[in-house]
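Student: Here you go, one structure.
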There are 2 protein chains.
Amino acid sequence: MKKKRPSLKDIAEVLNVSTTTVSFVLNGKGKEKKISDELIAKVEAYLKEINYKPNLVARSLRTGSTRILVFMVEDISNHFFSKVGRLIEDISYKNDYRVLFCSTENDLKRTQDLIQVFHERQVDGFIIVPPPGIQEDIENLIESEMPVILFDRKIPEIDCDYVIINNFEGAKNSTEHLIDSGFKNIAFITIDLDQVQMHDREAGYIAALKEAGLTPNILKLPYNTSTVGSSRETMKEFINNSKDLDAIFFATNYLSQSGLKGIHQIDTQLIDKLGIVSFDDSGFFEMYSPTISAFAQPVEDMAENLMRIMFQKLKNKENAKPEQLVLEGTLVKRESSKAKVV
Amino acid sequence: MKKKRPSLKDIAEVLNVSTTTVSFVLNGKGKEKKISDELIAKVEAYLKEINYKPNLVARSLRTGSTRILVFMVEDISNHFFSKVGRLIEDISYKNDYRVLFCSTENDLKRTQDLIQVFHERQVDGFIIVPPPGIQEDIENLIESEMPVILFDRKIPEIDCDYVIINNFEGAKNSTEHLIDSGFKNIAFITIDLDQVQMHDREAGYIAALKEAGLTPNILKLPYNTSTVGSSRETMKEFINNSKDLDAIFFATNYLSQSGLKGIHQIDTQLIDKLGIVSFDDSGFFEMYSPTISAFAQPVEDMAENLMRIMFQKLKNKENAKPEQLVLEGTLVKRESSKAKVV
DNA sequence: GTGAAAGCGCTAACAG
DNA sequence: CTGTTAGCGCTTTCAC
């Protein structure tokens with residue numbers, strides 16, 4: 001970056017041709033622009049020889065496109081998001097786009113900062129898991145004709161593209177599965193966040209219990225990364241105080257993970273007496289003992305649709321009617337939700 | 001990005017001043033350049049009014065600096081790497097740098113591609129966990145005066161900055177801890193990769209056993225992400241065939257995770273009979289039942305040193321003598337390595 | 001105190 | 001078929 005890298009102009013001088021010619025060859029437009037085969041060969045040979053790397057910053061300034069997409073999720077180390085992220089990255093690669101990942105931590109300020117930074121850097125599109133309060137920034141982004149797709153959750157007030165799953169159905173199915181396994185006192189542990197997907201999961205849980213004539217038992221934990229420890233304490237208290245509790249349905253995979261740790265701390269044997277299902281799968285669940293049942297989101301499906309919509313928006317900048325996809329997930333039944341032999 | 005965002009020039013026109021003036025105000029150089037207070041105020045007011053966002057691509061082209069750093073690790077979803085990544089990101093933020101994360105998957109081709117992409121995009125520096133075979137590309141990078149720091153492992157042939165830990169000592173301590181807990185038949189499960197840090201861990205394990213008069217029992221798994229399942233089968237076979245085996249020391253946290261799953265599949269009770277220590281900590285280990293002991297790398301220490309060296313290199317582009325840091329880790333003793341009551 | 005203008009490296013319309 | 005040239009939006013030197 002210091003030892004001045006050769007520029008197109010330098011190359012043109014050395015080869016005694018114009019920068020145009022070099023540029024065309026570089027971009028594979030030689031044939032199209034009817035540059036003679038030998039000239040093409042000569043230029044290509046030289047480019048290879050000096051291992052020329054075009055300055056993409058300059059190119060971007062000129063073309064207005066960076067071929068960079070941003071995938072902005074709550075926490076990229078979460079199994080669900082990182083899985084979708086990897087799939088998206090692969091599809092993008094094949095289409096010559098790069099993907100930048102980042103974690104919002106569901107924090108408004110941080111997300112606004114990230115959006116601004118990437119917007120200023122002229123990225124070509126955003127896939128965002130929106131934190132609460134981000135509505136206006138998203139609207140501004142769309143306003144400025146930036147391709148934006150919401151993911152995992154929508155913002156009801158904005159009429160834009162999104163890909164989410166049917167949270168209500170998923171939660172209902174999961175709860176019904178526990179009921180079918182014979183559990184009677186099924187608790188729901190969730191996060192106290194005013195977000196649609198959380199409300200839907202709760203509603204699904206309640207609906208299933210109602211239909212079966214059972215009573216809901218809900219614990220809402222405050223959302224705050226800094227108090228993971230204290231929310232585990234709350235969970236432990238809750239579990240201890242819920243007499244006759246025989247099963248728990250966790251609203252997210254990180255709650256399950258924290259909850260499992262709490263359960264283990266209460267009593268090493270407790271886990272074998274409880275029915276467990278988690279919303280969202282996790283690599284961890286397959287490894288745990290017992291293996292943990294989970295309602296898995298259709299990650300491939302989501303990634304494919306996300307990218308299909310994105311490429312479409314990238315092509316037709318004109319705002320087509322927003323695509324709003326609600327996909328279905330799958331309940332992965334593992335050991336933790338099997339009927340207990342009494 | 002389409003509805004042409006206002007440029008410096010547009011603003012200058014509207015305000016009837018020159019672009020220079022606007023630029024100076026924008027960059028806080030108003031005072032320094034002796035622009036009148038009222039003009040500064042006027043420009044600032046307008047900038048705020050239209051919520052002006054400078055085009056950073058253009059700025060980068062001009063300044064040659066993007067204020068972007070790249071953190072390139074084997075797998076960003078690995079607890080160790082993501083933890084260091086987060087710390088680095090925080091430090092960078094405070095110094096007005098952004099960090100891009102990416103996973104090499106230890107794949108040479110992929111890493112070369114990533115290095116090229118980011119180099120072309122004029123990032124300001126690299127922190128890299130080098131995959132095998134990348135030596136030449138790293139040399140080229142350094143050659144072109146790009147700040148580069150190796151992390152987690154070094155490349156013996158290159159005399160450059162790096163921050164690693166004492167793998168030999170860590171492995172030796174971990175093994176000794178198992179010996180102290182009374183285990184006699186301690187196996188070492190590792191990856192068959194020709195990398196210094198793996199050799200060192202193996203050597204540490206062997207040294208500890210030798211000193212205690214015990215016999216090494218080593219399983220080397222092929223490195224290949226696509227065969228996670230089959231390597232677990234290999235582990236299971238190995239565990240079944242190692243008669244009298246009473247403890248396992250895993251060379252990395254992902255091996256431990258896969259191994260734990262295998263152990264659980266062999267026999268639900270087996271885990272309680274085995275002593276386990278893992279090299280590298282993982283969030284998972286605290287949650288597992290039993291909790292898993294691990295040799296934890298000093299993540300804060302690493303992040304701080306990494307960034308200290310990076311900022312130093314960013315300032316003095318002239319190649320100072322490379323800093324080569326070997327830090328010490330800590331053994332976190334949990335349930336899995338406690339002496340078994342017989 | 002402020003402005004004009006050069007130029008970062010690249011692309012692409014337009015000439016020839 | 002190939003070259004000339006005008007910017008993309010910004011920073012910064014130099015002049016007024």
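How things are named: the first chain in the structure tokens is A, the next is B, and so on; residues count from 1 in each chain; ligands count from 1 in the order shown.
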Leaving out region 10-24 of chain B and any residue of its chain fewer than 4 positions from it, which residues lie within 9 Å of it when counting only C-alpha atoms (C1' of nucleotides), given as a list in words?

Tutor: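 That gives Pro6, Gly28, Lys29, Gly30, Lys31, Glu32, Lys33, Ile35, Leu39, Ile40, Lys42, Val43, Glu44, Tyr46 and Leu47 of chain B; DT2, DG3 and DA4 of chain C; DC10, DT11 and DT12 of chain D.
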
Student: Let me see the file: selected residues, C-alpha atoms (C1' of nucleotides), as an mmCIF file, in the first residue's frame.

Tutor:
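Just written: selection.cif:
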data_model
loop_
_atom_site.group_PDB
_atom_site.id
_atom_site.type_symbol
_atom_site.label_atom_id
_atom_site.label_comp_id
_atom_site.auth_asym_id
_atom_site.auth_seq_id
_atom_site.Cartn_x
_atom_site.Cartn_y
_atom_site.Cartn_z
ATOM 1 C CA PRO B 6 -25.521 15.312 -2.177
ATOM 2 C CA GLY B 28 -13.001 19.733 11.956
ATOM 3 C CA LYS B 29 -10.155 21.760 10.555
ATOM 4 C CA GLY B 30 -12.163 24.956 10.478
ATOM 5 C CA LYS B 31 -10.420 26.594 13.411
ATOM 6 C CA GLU B 32 -7.019 25.430 12.344
ATOM 7 C CA LYS B 33 -7.554 26.831 8.895
ATOM 8 C CA ILE B 35 -12.328 29.933 8.845
ATOM 9 C CA LEU B 39 -19.118 30.427 8.429
ATOM 10 C CA ILE B 40 -18.226 27.285 10.307
ATOM 11 C CA LYS B 42 -23.438 27.988 8.960
ATOM 12 C CA VAL B 43 -21.806 25.079 7.164
ATOM 13 C CA GLU B 44 -22.175 22.771 10.122
ATOM 14 C CA TYR B 46 -26.439 22.822 6.840
ATOM 15 C CA LEU B 47 -24.490 19.579 7.013
ATOM 16 C "C1'" DT C 2 -11.340 31.556 1.283
ATOM 17 C "C1'" DG C 3 -11.224 29.588 -3.350
ATOM 18 C "C1'" DA C 4 -9.289 27.228 -7.670
ATOM 19 C "C1'" DC D 10 -13.017 13.979 -1.929
ATOM 20 C "C1'" DT D 11 -8.509 16.243 0.090
ATOM 21 C "C1'" DT D 12 -5.004 19.544 -0.001
#

Student: Write out as a PyMOL selection string the set of residues from region 50-131 of chain A that DSSP, computed on the backbone, places in strand (DSSP E or B).

Tutor: chain A and resi 68-73+98-103+125-128

Student: How would the residues just chosen look if you wrote them out with N, CA and C atoms as a compact mmCIF listing (two decimals), in the first residue's frame?

Tutor:
# COMPACT_ATOMS: atom_id res chain seq x y z
N ILE A 68 -20.39 -5.47 -2.49
CA ILE A 68 -20.35 -5.93 -1.11
C ILE A 68 -21.76 -5.87 -0.53
N LEU A 69 -22.11 -6.94 0.14
CA LEU A 69 -23.41 -7.01 0.81
C LEU A 69 -23.16 -7.10 2.31
N VAL A 70 -24.09 -6.58 3.09
CA VAL A 70 -23.92 -6.65 4.54
C VAL A 70 -24.99 -7.55 5.15
N PHE A 71 -24.56 -8.41 6.00
CA PHE A 71 -25.47 -9.32 6.70
C PHE A 71 -25.39 -8.97 8.18
N MET A 72 -26.41 -8.30 8.64
CA MET A 72 -26.37 -7.70 9.97
C MET A 72 -27.35 -8.42 10.88
N VAL A 73 -26.83 -9.21 11.79
CA VAL A 73 -27.71 -10.00 12.64
C VAL A 73 -27.51 -9.67 14.11
N ARG A 98 -19.18 -10.12 -2.22
CA ARG A 98 -18.61 -10.48 -0.93
C ARG A 98 -19.62 -10.10 0.14
N VAL A 99 -19.54 -10.76 1.27
CA VAL A 99 -20.47 -10.47 2.34
C VAL A 99 -19.72 -10.05 3.60
N LEU A 100 -20.18 -8.99 4.20
CA LEU A 100 -19.63 -8.56 5.48
C LEU A 100 -20.63 -8.94 6.57
N PHE A 101 -20.11 -9.55 7.62
CA PHE A 101 -20.99 -9.94 8.71
C PHE A 101 -20.83 -8.97 9.86
N CYS A 102 -21.90 -8.71 10.58
CA CYS A 102 -21.71 -8.00 11.83
C CYS A 102 -22.85 -8.24 12.78
N SER A 103 -22.56 -8.04 14.05
CA SER A 103 -23.54 -8.30 15.10
C SER A 103 -24.06 -6.99 15.66
N GLY A 125 -26.00 -3.63 -0.66
CA GLY A 125 -27.28 -4.09 -0.12
C GLY A 125 -27.17 -4.55 1.32
N PHE A 126 -28.31 -4.56 1.99
CA PHE A 126 -28.34 -4.96 3.40
C PHE A 126 -29.33 -6.10 3.63
N ILE A 127 -28.92 -7.06 4.43
CA ILE A 127 -29.87 -8.02 4.98
C ILE A 127 -29.79 -7.81 6.48
N ILE A 128 -30.90 -7.42 7.07
CA ILE A 128 -30.86 -6.97 8.46
C ILE A 128 -31.86 -7.69 9.36

Student: Name the closest residue to Thr66 (chain A) among the candidates A:Glu176, A:Asp152, A:Glu120, A:Asp246; distances are taken between atoms, counting only C-alpha atoms.

Tutor: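 The answer is A:Glu120, which sits nearest to Thr66 (chain A).
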
Student: Per residue of chain C within 7 Å of chain A, note the shortest atom pair and the distance in Å to one decimal, counting only C-alpha atoms (C1' of nucleotides), and order the rows by chain and increasing residue number, as a tab-separated table.

Tutor:
residue	atom	partner	partner_atom	distance
C:DG9	C1'	A:Ala58	CA	5.1
C:DC10	C1'	A:Arg59	CA	5.0
C:DT11	C1'	A:Arg62	CA	6.4

Student: May I have the selected residues written with C-alpha atoms (C1' of nucleotides), as an mmCIF file, in the first residue's frame?

Tutor:
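And here is the file that came out, out_39.cif:
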data_model
loop_
_atom_site.group_PDB
_atom_site.id
_atom_site.type_symbol
_atom_site.label_atom_id
_atom_site.label_comp_id
_atom_site.auth_asym_id
_atom_site.auth_seq_id
_atom_site.Cartn_x
_atom_site.Cartn_y
_atom_site.Cartn_z
ATOM 1 C "C1'" DG C 9 -7.102 5.019 -10.201
ATOM 2 C "C1'" DC C 10 -10.507 3.584 -12.800
ATOM 3 C "C1'" DT C 11 -14.431 3.294 -16.490
#

Student: Just the alpha helix (DSSP H) stuff from region 50-128 of chain B, please, per backbone DSSP, written as a PyMOL selection string.

Tutor: chain B and resi 56-63+79-94+108-120

Student: Tell me which protein, DNA and RNA residues are within 12 Å of region 209-216 of chain A, counting only C-alpha atoms (C1' of nucleotides), leaving out same-chain ones fewer than 6 positions away, and put them as a list in words.

Tutor: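 Final neighbour list, sorted by chain and number: Ala171, Lys172, Asn173, Ser174, Thr175, Glu176, His177, Leu178, Ile179, Asp180, Gly182, Phe183, Lys184, Asn185, Ile186, Ala187, Phe188, Ile189, Glu202, Ala203, Ser242, Leu245, Ala247, Ile248 and Phe249 of chain A.
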
Student: Any chance you can output those residues with C-alpha atoms as a CSV table (one decimal), in the first residue's frame?

Tutor:
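Done, and the output landed in result-v7.csv:
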chain,number,residue,atom,x,y,z
A,171,ALA,CA,-44.3,-22.6,18.8
A,172,LYS,CA,-47.6,-24.2,18.6
A,173,ASN,CA,-46.2,-27.4,17.1
A,174,SER,CA,-43.4,-27.6,19.5
A,175,THR,CA,-45.7,-27.2,22.5
A,176,GLU,CA,-48.1,-29.8,21.0
A,177,HIS,CA,-45.2,-32.2,20.7
A,178,LEU,CA,-44.5,-31.9,24.4
A,179,ILE,CA,-48.2,-32.4,25.2
A,180,ASP,CA,-48.2,-35.5,22.9
A,182,GLY,CA,-47.5,-36.7,28.0
A,183,PHE,CA,-46.2,-33.6,29.7
A,184,LYS,CA,-48.8,-31.6,31.6
A,185,ASN,CA,-47.0,-28.7,33.2
A,186,ILE,CA,-45.2,-27.1,30.4
A,187,ALA,CA,-43.5,-23.8,31.1
A,188,PHE,CA,-42.5,-21.2,28.5
A,189,ILE,CA,-39.3,-19.3,29.1
A,202,GLU,CA,-45.8,-16.9,23.0
A,203,ALA,CA,-49.2,-16.9,21.3
A,242,SER,CA,-43.0,-24.1,39.7
A,245,LEU,CA,-43.2,-28.5,36.4
A,247,ALA,CA,-41.4,-29.6,30.8
A,248,ILE,CA,-40.0,-26.4,29.4
A,249,PHE,CA,-40.3,-24.8,26.0

Student: With a cut-off of 8 Å and counting only C-alpha atoms, select all residues of chain B in contact with chain A and give the selection as a PDB file with C-alpha atoms, in the first residue's frame.

Tutor:
ATOM      1  CA  MET B   1     -27.271   5.168  -3.632  1.00  0.00           C
ATOM      2  CA  LYS B   2     -29.366   5.970  -6.604  1.00  0.00           C
ATOM      3  CA  LYS B   3     -31.168   9.108  -5.679  1.00  0.00           C
ATOM      4  CA  LYS B  53     -22.815  11.569   4.722  1.00  0.00           C
ATOM      5  CA  PRO B  54     -19.489  11.905   2.953  1.00  0.00           C
ATOM      6  CA  ASN B  55     -18.666   9.274   0.391  1.00  0.00           C
ATOM      7  CA  LEU B  56     -16.006   7.271   2.136  1.00  0.00           C
ATOM      8  CA  VAL B  57     -15.019   5.475  -1.021  1.00  0.00           C
ATOM      9  CA  ALA B  58     -13.966   8.755  -2.542  1.00  0.00           C
ATOM     10  CA  SER B  60     -10.315   6.494   0.695  1.00  0.00           C
ATOM     11  CA  LEU B  61      -9.270   6.828  -2.885  1.00  0.00           C
ATOM     12  CA  GLY B  64      -5.226   5.883   0.491  1.00  0.00           C
ATOM     13  CA  ILE B  76     -15.099 -17.034  13.427  1.00  0.00           C
ATOM     14  CA  SER B  77     -17.858 -19.061  15.065  1.00  0.00           C
ATOM     15  CA  ASN B  78     -15.255 -20.744  17.251  1.00  0.00           C
ATOM     16  CA  SER B  82     -14.992 -14.807  18.214  1.00  0.00           C
ATOM     17  CA  LEU B 100     -13.964  -7.013   9.086  1.00  0.00           C
ATOM     18  CA  PHE B 101     -14.137 -10.626  10.201  1.00  0.00           C
ATOM     19  CA  GLU B 120      -7.514  -4.706  -3.441  1.00  0.00           C
ATOM     20  CA  ARG B 121      -9.970  -2.868  -1.284  1.00  0.00           C
ATOM     21  CA  GLN B 122      -7.096  -1.132   0.392  1.00  0.00           C
ATOM     22  CA  SER B 144       4.038  -4.304  -0.045  1.00  0.00           C
ATOM     23  CA  GLU B 145       4.332  -2.641   3.371  1.00  0.00           C
ATOM     24  CA  MET B 146       0.974  -3.793   4.569  1.00  0.00           C
ATOM     25  CA  GLN B 257     -17.180 -30.955  21.252  1.00  0.00           C
ATOM     26  CA  SER B 258     -17.243 -33.633  18.629  1.00  0.00           C
ATOM     27  CA  LEU B 260     -18.160 -35.397  23.761  1.00  0.00           C
ATOM     28  CA  LYS B 261     -20.916 -36.187  21.358  1.00  0.00           C
ATOM     29  CA  HIS B 264     -22.387 -39.712  24.692  1.00  0.00           C
ATOM     30  CA  THR B 268     -24.681 -42.147  28.307  1.00  0.00           C
ATOM     31  CA  PHE B 284     -20.225 -24.775  25.745  1.00  0.00           C
ATOM     32  CA  GLU B 286     -19.522 -24.316  31.202  1.00  0.00           C
ATOM     33  CA  MET B 287     -22.922 -25.597  30.221  1.00  0.00           C
ATOM     34  CA  TYR B 288     -22.125 -29.195  29.629  1.00  0.00           C
ATOM     35  CA  SER B 289     -22.892 -31.792  32.216  1.00  0.00           C
TER      36      SER B 289
END

Student: Could you tell me which residues of chain D sit within 6 Å of chain A when counting only C-alpha atoms (C1' of nucleotides), and give me the result as a list of chain:residue names?

Tutor: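 In the required form, that comes to D:DC1, D:DG3, D:DC8.
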
Student: With N, CA and C atoms (P, O5', C5', C4', C3', O3' and C1' of nucleotides) retained, export the selected residues as a compact mmCIF listing (two decimals), in the first residue's frame.

Tutor:
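What follows is the written file result_33.txt:
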# COMPACT_ATOMS: atom_id res chain seq x y z
P DC D 1 -10.76 -6.24 -36.23
O5' DC D 1 -10.09 -5.01 -35.57
C5' DC D 1 -9.69 -5.12 -34.17
C4' DC D 1 -9.08 -3.78 -33.98
C3' DC D 1 -8.64 -3.49 -32.55
O3' DC D 1 -7.25 -3.27 -32.59
C1' DC D 1 -9.86 -1.66 -33.46
P DG D 3 -3.81 2.12 -28.34
O5' DG D 3 -4.36 3.60 -28.26
C5' DG D 3 -4.12 4.47 -29.36
C4' DG D 3 -4.83 5.79 -29.14
C3' DG D 3 -4.49 6.47 -27.80
O3' DG D 3 -4.33 7.86 -28.07
C1' DG D 3 -6.83 6.18 -27.98
P DC D 8 -18.85 13.97 -11.97
O5' DC D 8 -18.73 12.67 -11.09
C5' DC D 8 -19.41 11.46 -11.36
C4' DC D 8 -18.87 10.41 -10.42
C3' DC D 8 -18.62 10.94 -9.01
O3' DC D 8 -19.73 10.58 -8.18
C1' DC D 8 -16.74 9.63 -9.84

Student: Between CA of Tyr205 (chain B) and CA of Gly275 (chain B), what is the distance in Å, rounded to a tenth?

Tutor: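 Those two atoms sit 14.8 Å apart.
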
Student: Distance CA of Leu331 (chain A)-CA of Ala296 (chain A), one decimal place?

Tutor: 5.9 Å

Student: Just want the 12 Å neighbourhood of Thr234 (chain B), counted on only C-alpha atoms (C1' of nucleotides), with same-chain residues fewer than 2 positions away dropped. Output as a VMD selection string.

Tutor: chain B and resid 189 to 190 219 to 222 227 to 232 236 to 241 255 258 to 259 262 to 263
